[in-house]
>>> print(open('upload-v2.txt').read())   # compact mmCIF, C-alpha atoms
# COMPACT_ATOMS: atom_id res chain seq x y z
CA MET A 1 126.81 204.97 178.84
CA ALA A 2 123.80 205.72 176.66
CA SER A 3 125.98 207.68 174.24
CA LYS A 4 128.36 204.73 173.97
CA VAL A 5 125.48 202.39 173.24
CA LYS A 6 124.14 204.81 170.60
CA GLN A 7 127.60 205.09 169.10
CA PHE A 8 128.00 201.28 169.05
CA VAL A 9 124.56 200.84 167.43
CA SER A 10 125.32 203.48 164.80
CA GLU A 11 128.69 201.85 164.04
CA GLN A 12 127.02 198.47 163.66
CA ALA A 13 124.33 199.98 161.44
CA GLN A 14 127.03 201.58 159.30
CA VAL A 15 128.92 198.27 159.00
CA LEU A 16 125.71 196.46 158.08
CA ALA A 17 124.87 199.13 155.50
CA GLU A 18 128.32 198.73 153.95
CA GLN A 19 127.93 194.95 153.84
CA ALA A 20 124.47 195.29 152.28
CA GLY A 21 125.93 197.60 149.63
CA ARG A 22 128.70 195.10 148.89
CA LEU A 23 126.17 192.29 148.63
CA ARG A 24 124.05 194.37 146.20
CA ARG A 25 127.08 194.93 143.99
CA ALA A 26 128.51 191.44 144.46
CA PRO A 27 126.01 189.40 142.37
CA GLY A 28 126.59 191.55 139.29
CA LYS A 29 130.30 191.54 139.90
CA ALA A 30 130.30 187.79 140.46
CA VAL A 31 128.36 187.19 137.25
CA ARG A 32 130.69 189.45 135.30
CA GLY A 33 133.70 187.71 136.81
CA ALA A 34 132.29 184.27 135.99
CA ALA A 35 131.49 185.35 132.43
CA ALA A 36 135.00 186.75 131.99
CA ALA A 37 136.54 183.55 133.35
CA SER A 38 134.33 181.45 131.06
CA ALA A 39 135.30 183.55 128.04
CA LYS A 40 138.95 183.10 128.95
CA ARG A 41 138.53 179.33 129.18
CA VAL A 42 136.69 179.19 125.85
CA ARG A 43 139.46 181.22 124.20
CA ALA A 44 142.00 178.87 125.76
CA LEU A 45 140.31 175.95 123.97
CA GLN A 46 141.07 177.40 120.54
CA GLY A 47 144.70 176.33 120.62
CA PRO A 48 144.03 172.71 121.64
CA ALA A 49 141.18 172.51 119.11
CA ARG A 50 143.57 173.58 116.35
CA VAL A 51 146.18 171.07 117.49
CA VAL A 52 143.64 168.23 117.55
CA THR A 53 142.26 169.22 114.14
CA HIS A 54 145.75 169.36 112.64
CA SER A 55 146.54 166.00 114.21
CA GLY A 56 143.37 164.57 112.68
CA VAL A 57 144.54 165.72 109.26
CA ARG A 58 147.96 164.18 109.84
CA LEU A 59 146.39 160.92 111.04
CA THR A 60 144.21 160.87 107.93
CA ASN A 61 147.33 161.30 105.79
CA VAL A 62 149.06 158.42 107.59
CA SER A 63 146.08 156.11 107.11
CA HIS A 64 145.66 157.26 103.49
CA GLU A 65 149.29 156.45 102.71
CA ALA A 66 148.95 153.04 104.37
CA VAL A 67 145.81 152.17 102.42
CA LEU A 68 147.39 153.41 99.21
CA SER A 69 150.47 151.23 99.81
CA LEU A 70 148.32 148.21 100.65
CA MET A 71 146.24 148.70 97.50
CA ALA A 72 149.41 148.96 95.40
CA LEU A 73 150.67 145.76 97.00
CA GLN A 74 147.35 144.06 96.32
CA LEU A 75 147.56 145.12 92.67
CA GLU A 76 151.07 143.67 92.41
CA VAL A 77 149.96 140.41 94.06
CA VAL A 78 147.00 139.98 91.73
CA THR A 79 149.04 140.93 88.64
CA SER A 80 151.84 138.51 89.49
CA ALA A 81 149.34 135.74 90.29
CA LEU A 82 147.69 136.22 86.90
CA SER A 83 151.09 136.34 85.17
CA ASP A 84 152.16 133.13 86.93
CA ALA A 85 148.91 131.41 85.98
CA ALA A 86 149.37 132.43 82.35
CA ALA A 87 153.01 131.25 82.40
CA GLN A 88 152.00 127.89 83.84
CA LEU A 89 149.34 127.44 81.17
CA GLU A 90 151.91 128.28 78.48
CA ARG A 91 154.29 125.66 79.93
CA VAL A 92 151.52 123.10 79.87
CA ALA A 93 150.80 123.96 76.27
CA GLN A 94 154.48 123.82 75.27
CA SER A 95 155.59 120.78 77.28
CA ASP A 96 156.30 117.61 75.34
CA ASN A 97 156.19 115.23 78.27
CA VAL A 98 155.04 114.99 81.86
CA THR A 99 158.59 115.27 83.26
CA ASP A 100 159.09 118.74 81.80
CA LEU A 101 155.65 119.74 83.05
CA VAL A 102 156.36 118.60 86.63
CA ARG A 103 159.84 120.21 86.64
CA GLY A 104 158.33 123.53 85.47
CA GLN A 105 155.60 123.31 88.12
CA ALA A 106 158.18 122.73 90.88
CA ASP A 107 160.22 125.75 89.80
CA GLU A 108 157.07 127.83 89.64
CA LEU A 109 155.98 126.75 93.15
CA ARG A 110 159.35 127.82 94.62
CA ALA A 111 159.05 131.23 92.96
CA VAL A 112 155.45 131.63 94.20
CA ARG A 113 156.47 130.73 97.77
CA GLU A 114 159.25 133.35 97.73
CA ARG A 115 156.90 135.93 96.28
CA VAL A 116 154.21 135.24 98.91
CA VAL A 117 156.76 135.59 101.74
CA SER A 118 158.01 138.85 100.25
CA ASP A 119 154.45 140.18 99.86
CA VAL A 120 153.54 139.29 103.44
CA ASN A 121 156.70 141.00 104.71
CA ARG A 122 155.84 144.12 102.70
CA ALA A 123 152.27 144.13 104.09
CA VAL A 124 153.56 143.81 107.66
CA SER A 125 156.04 146.61 107.00
CA ILE A 126 153.28 148.89 105.65
CA VAL A 127 151.05 148.25 108.68
CA ARG A 128 153.98 148.69 111.09
CA ASN A 129 154.90 152.03 109.51
CA ALA A 130 151.28 153.18 109.71
CA GLY A 131 151.19 152.25 113.40
CA ARG A 132 154.39 154.17 114.05
CA GLY A 133 153.00 157.19 112.22
CA ALA A 134 149.75 157.07 114.22
CA ARG A 135 151.69 156.73 117.47
CA ALA A 136 153.88 159.71 116.56
CA VAL A 137 150.81 161.84 115.81
CA ALA A 138 149.12 160.78 119.07
CA THR A 139 152.25 161.40 121.15
CA GLU A 140 152.81 164.82 119.65
CA THR A 141 149.15 165.77 120.10
CA TYR A 142 149.21 164.67 123.73
CA ALA A 143 152.39 166.65 124.32
CA LYS A 144 150.90 169.79 122.79
CA VAL A 145 147.47 169.57 124.44
CA ALA A 146 147.61 167.65 127.72
CA ARG A 147 150.93 168.71 129.17
CA PRO A 148 150.36 172.46 128.76
CA ALA A 149 146.91 172.00 130.29
CA LYS A 150 148.45 170.25 133.31
CA ALA A 151 151.01 173.04 133.68
CA ALA A 152 148.28 175.68 133.40
CA LYS A 153 146.18 173.85 135.98
CA ALA A 154 149.11 173.73 138.42
CA LYS A 155 149.78 177.43 137.82
CA ALA A 156 146.11 178.31 138.41
CA LYS A 157 146.10 176.23 141.59
CA ALA A 158 149.18 178.05 142.90
CA LYS A 159 147.61 181.40 141.98
CA ALA A 160 144.36 180.50 143.77
CA LYS A 161 146.28 179.40 146.84
CA ALA A 162 148.21 182.68 146.91
CA LYS A 163 144.95 184.63 146.48
CA THR A 164 143.35 182.71 149.34
CA THR A 165 146.34 183.39 151.55
CA ARG A 166 146.23 187.11 150.74
CA ALA A 167 142.48 187.23 151.43
CA ARG A 168 142.89 185.43 154.75
CA LYS A 169 145.64 187.86 155.81
CA ALA A 170 143.52 190.84 154.77
CA ARG A 171 140.54 189.56 156.80
CA SER A 172 142.66 189.06 159.87
CA THR A 173 144.11 192.57 159.46
CA ARG A 174 140.59 194.07 159.18
CA ARG A 175 139.44 192.18 162.26
CA ALA A 176 142.44 193.39 164.21
CA THR A 177 141.75 196.96 163.07
CA LYS A 178 138.09 196.72 164.11
CA VAL A 179 139.06 195.34 167.51
CA LYS A 180 141.53 198.19 168.03
CA THR A 181 138.95 200.75 166.92
CA ARG A 182 136.37 199.36 169.33
CA ALA A 183 138.91 199.28 172.15
CA ARG A 184 139.75 202.95 171.53
CA ALA A 185 136.05 203.87 171.46
CA LYS A 186 135.51 202.42 174.93
>>> encode(input="upload-v2.txt", output="C-alpha cells")
Amino acid sequence: MASKVKQFVSEQAQVLAEQAGRLRRAPGKAVRGAAAASAKRVRALQGPARVVTHSGVRLTNVSHEAVLSLMALQLEVVTSALSDAAAQLERVAQSDNVTDLVRGQADELRAVRERVVSDVNRAVSIVRNAGRGARAVATETYAKVARPAKAAKAKAKAKAKAKTTRARKARSTRRATKVKTRARAK
C-alpha cells in the first residue's frame, strides 16, 4: 500500500513537472505565435492597401475628367453668351426700325433657350457619367477587398473549428490513456 502511494505521488510529481515545463515554454511560444500571426495579418493588408490606393487614383481620374468636361462646358457657355451679346448689339446698331430689332431679338431668344437646354443636358450627362465612374470604382474596390476578406474569415473560422475539434479529441484520448494507466497500476 505504501509503495502504491509513493508510486502515485511520484507519478503526480512527474505530471506536474511536465506541466510546469510546458508552462515555462508556453509564454515564449505564445508570444512567438502571436507575433507570427500579427506579421501574417500585416502582410495580408498589403494587397488591399494596393487595391484601395489604385482605386483612389482611378477615382481621382474620374473626378478630374468630370471637372475638365464641366470647365470646357463653362467656357463654351461663356463664349457663346458673349458672342450672342455682341451679335445682339450689332443688330441694334444695324437695325433701321423697331420692328426689325424686335424680330431679331425674338429669334435670338429662341436660339438662347435651345442653347441653355442643350448646355444643361450636357452638364447633367457629365455629372451622371462621373457618378457611374465613381460607382464602378467603388464596386470593383469592394469586390476586390471586402469579399476576399469575408472568404478568408470564413476559411479561418472553419480552420479554427477543426483545430478545436482535434484538440478536444486529443485531450479526451490522453485522459482515457491516463485512466487506463492508473487502472493498470492498481
>>> closest_atom_pairs(input="upload-v2.txt", of="stretch 43-81 of chain A", to="stretch 111-135 of chain A", cutoff="10 Å", atoms="all atoms listed in the file", output="JSON lines")
{"residue": "A:Ser55", "atom": "CA", "partner": "A:Ala134", "partner_atom": "CA", "distance": 9.5}
{"residue": "A:Gly56", "atom": "CA", "partner": "A:Ala134", "partner_atom": "CA", "distance": 10.0}
{"residue": "A:Arg58", "atom": "CA", "partner": "A:Ala134", "partner_atom": "CA", "distance": 8.5}
{"residue": "A:Leu59", "atom": "CA", "partner": "A:Ala134", "partner_atom": "CA", "distance": 6.0}
{"residue": "A:Thr60", "atom": "CA", "partner": "A:Ala134", "partner_atom": "CA", "distance": 9.2}
{"residue": "A:Asn61", "atom": "CA", "partner": "A:Gly133", "partner_atom": "CA", "distance": 9.5}
{"residue": "A:Val62", "atom": "CA", "partner": "A:Ala130", "partner_atom": "CA", "distance": 6.1}
{"residue": "A:Ser63", "atom": "CA", "partner": "A:Ala130", "partner_atom": "CA", "distance": 6.5}
{"residue": "A:His64", "atom": "CA", "partner": "A:Ala130", "partner_atom": "CA", "distance": 9.3}
{"residue": "A:Glu65", "atom": "CA", "partner": "A:Ala130", "partner_atom": "CA", "distance": 8.0}
{"residue": "A:Ala66", "atom": "CA", "partner": "A:Ala130", "partner_atom": "CA", "distance": 5.8}
{"residue": "A:Val67", "atom": "CA", "partner": "A:Ile126", "partner_atom": "CA", "distance": 8.8}
{"residue": "A:Leu68", "atom": "CA", "partner": "A:Ile126", "partner_atom": "CA", "distance": 9.8}
{"residue": "A:Ser69", "atom": "CA", "partner": "A:Ile126", "partner_atom": "CA", "distance": 6.9}
{"residue": "A:Leu70", "atom": "CA", "partner": "A:Ala123", "partner_atom": "CA", "distance": 6.6}
{"residue": "A:Leu73", "atom": "CA", "partner": "A:Asp119", "partner_atom": "CA", "distance": 7.3}
{"residue": "A:Gln74", "atom": "CA", "partner": "A:Asp119", "partner_atom": "CA", "distance": 8.8}
{"residue": "A:Glu76", "atom": "CA", "partner": "A:Asp119", "partner_atom": "CA", "distance": 8.9}
{"residue": "A:Val77", "atom": "CA", "partner": "A:Asp119", "partner_atom": "CA", "distance": 7.3}
{"residue": "A:Ser80", "atom": "CA", "partner": "A:Arg115", "partner_atom": "CA", "distance": 8.9}
{"residue": "A:Ala81", "atom": "CA", "partner": "A:Val112", "partner_atom": "CA", "distance": 8.3}
>>> closest_atom_pairs(input="upload-v2.txt", of="stretch 54-173 of chain A", to="stretch 30-49 of chain A", cutoff="9 Å", atoms="all atoms listed in the file", output="CSV")
residue,atom,partner,partner_atom,distance
A:His54,CA,A:Ala49,CA,8.5
A:Thr141,CA,A:Pro48,CA,8.8
A:Lys144,CA,A:Pro48,CA,7.6
A:Val145,CA,A:Pro48,CA,5.4
A:Ala146,CA,A:Pro48,CA,8.7
>>> residues_around(input="upload-v2.txt", residues="A:Glu108", least_positions_apart="5", cutoff="10 Å", atoms="all atoms listed in the file", output="ChimeraX atom specification")
/A:84-85,87-88,102-103,113
>>> atom_distance(input="upload-v2.txt", atom1="atom CA of A:Glu90", atom2="atom CA of A:Gly104")
10.6 Å
>>> atom_distance(input="upload-v2.txt", atom1="atom CA of A:Gln105", atom2="atom CA of A:Met71")
28.6 Å
>>> atom_distance(input="upload-v2.txt", atom1="atom CA of A:Thr139", atom2="atom CA of A:Thr53")
14.5 Å
